[in-house]
Amino acid sequence: MARNSTLIILRNKNVKKRFGQLSTKHPRWKYEAYLEELSYEFYISKRTIQAILNNEAAYDKAV
């Protein structure tokens, strides 16, 4: 694995935290808009954001 797993867990927690902040601040946004914004902020794909938010496979250890 290229990165430290602790950093990945921290990133995943921050993605979920930021998603909560955005959804509170912009409740009328569509899910796709949240994915786009998070993808831009964290430099990862929208699909990875979805996997983190849905606790899929390798991303379920984040929280």
# chains A, B, ... in the order shown; residues from 1 in each chain; ligands from 1
$ residues_around --residues "range 28-39 of chain A" --least-positions-apart "3" --cutoff "12 Å" --atoms "only C-alpha atoms" --output "mmCIF file with C-alpha atoms, in the first residue's frame"
data_model
loop_
_atom_site.group_PDB
_atom_site.id
_atom_site.type_symbol
_atom_site.label_atom_id
_atom_site.label_comp_id
_atom_site.auth_asym_id
_atom_site.auth_seq_id
_atom_site.Cartn_x
_atom_site.Cartn_y
_atom_site.Cartn_z
ATOM 1 C CA ARG A 11 -8.998 11.185 5.220
ATOM 2 C CA ASN A 12 -12.181 9.109 5.258
ATOM 3 C CA ASN A 14 -12.656 14.105 7.142
ATOM 4 C CA VAL A 15 -14.637 13.320 3.980
ATOM 5 C CA LYS A 16 -17.624 12.242 6.091
ATOM 6 C CA LYS A 17 -17.277 15.259 8.366
ATOM 7 C CA ARG A 18 -17.105 17.649 5.402
ATOM 8 C CA PHE A 19 -20.097 15.956 3.780
ATOM 9 C CA GLY A 20 -22.071 16.646 6.961
ATOM 10 C CA GLN A 21 -20.995 20.279 6.932
ATOM 11 C CA LEU A 22 -21.925 20.740 3.271
ATOM 12 C CA SER A 23 -25.298 19.038 3.650
ATOM 13 C CA THR A 24 -26.121 21.315 6.588
ATOM 14 C CA LYS A 25 -24.978 24.441 4.779
ATOM 15 C CA PHE A 42 -10.003 16.086 -1.483
ATOM 16 C CA TYR A 43 -8.473 15.367 -4.923
ATOM 17 C CA ILE A 44 -10.111 11.948 -5.208
ATOM 18 C CA SER A 45 -12.705 10.590 -7.610
ATOM 19 C CA LYS A 46 -16.439 10.884 -7.090
ATOM 20 C CA ARG A 47 -16.646 7.093 -7.043
ATOM 21 C CA THR A 48 -14.172 6.954 -4.145
ATOM 22 C CA ILE A 49 -16.227 9.579 -2.289
ATOM 23 C CA GLN A 50 -19.335 7.427 -2.782
ATOM 24 C CA ALA A 51 -17.520 4.354 -1.477
ATOM 25 C CA ILE A 52 -16.354 6.234 1.621
ATOM 26 C CA LEU A 53 -19.817 7.626 2.362
#
$ select_by_dssp --residues "chain A" --states "helix (DSSP H, G or I)" --output "count of residues only"
44
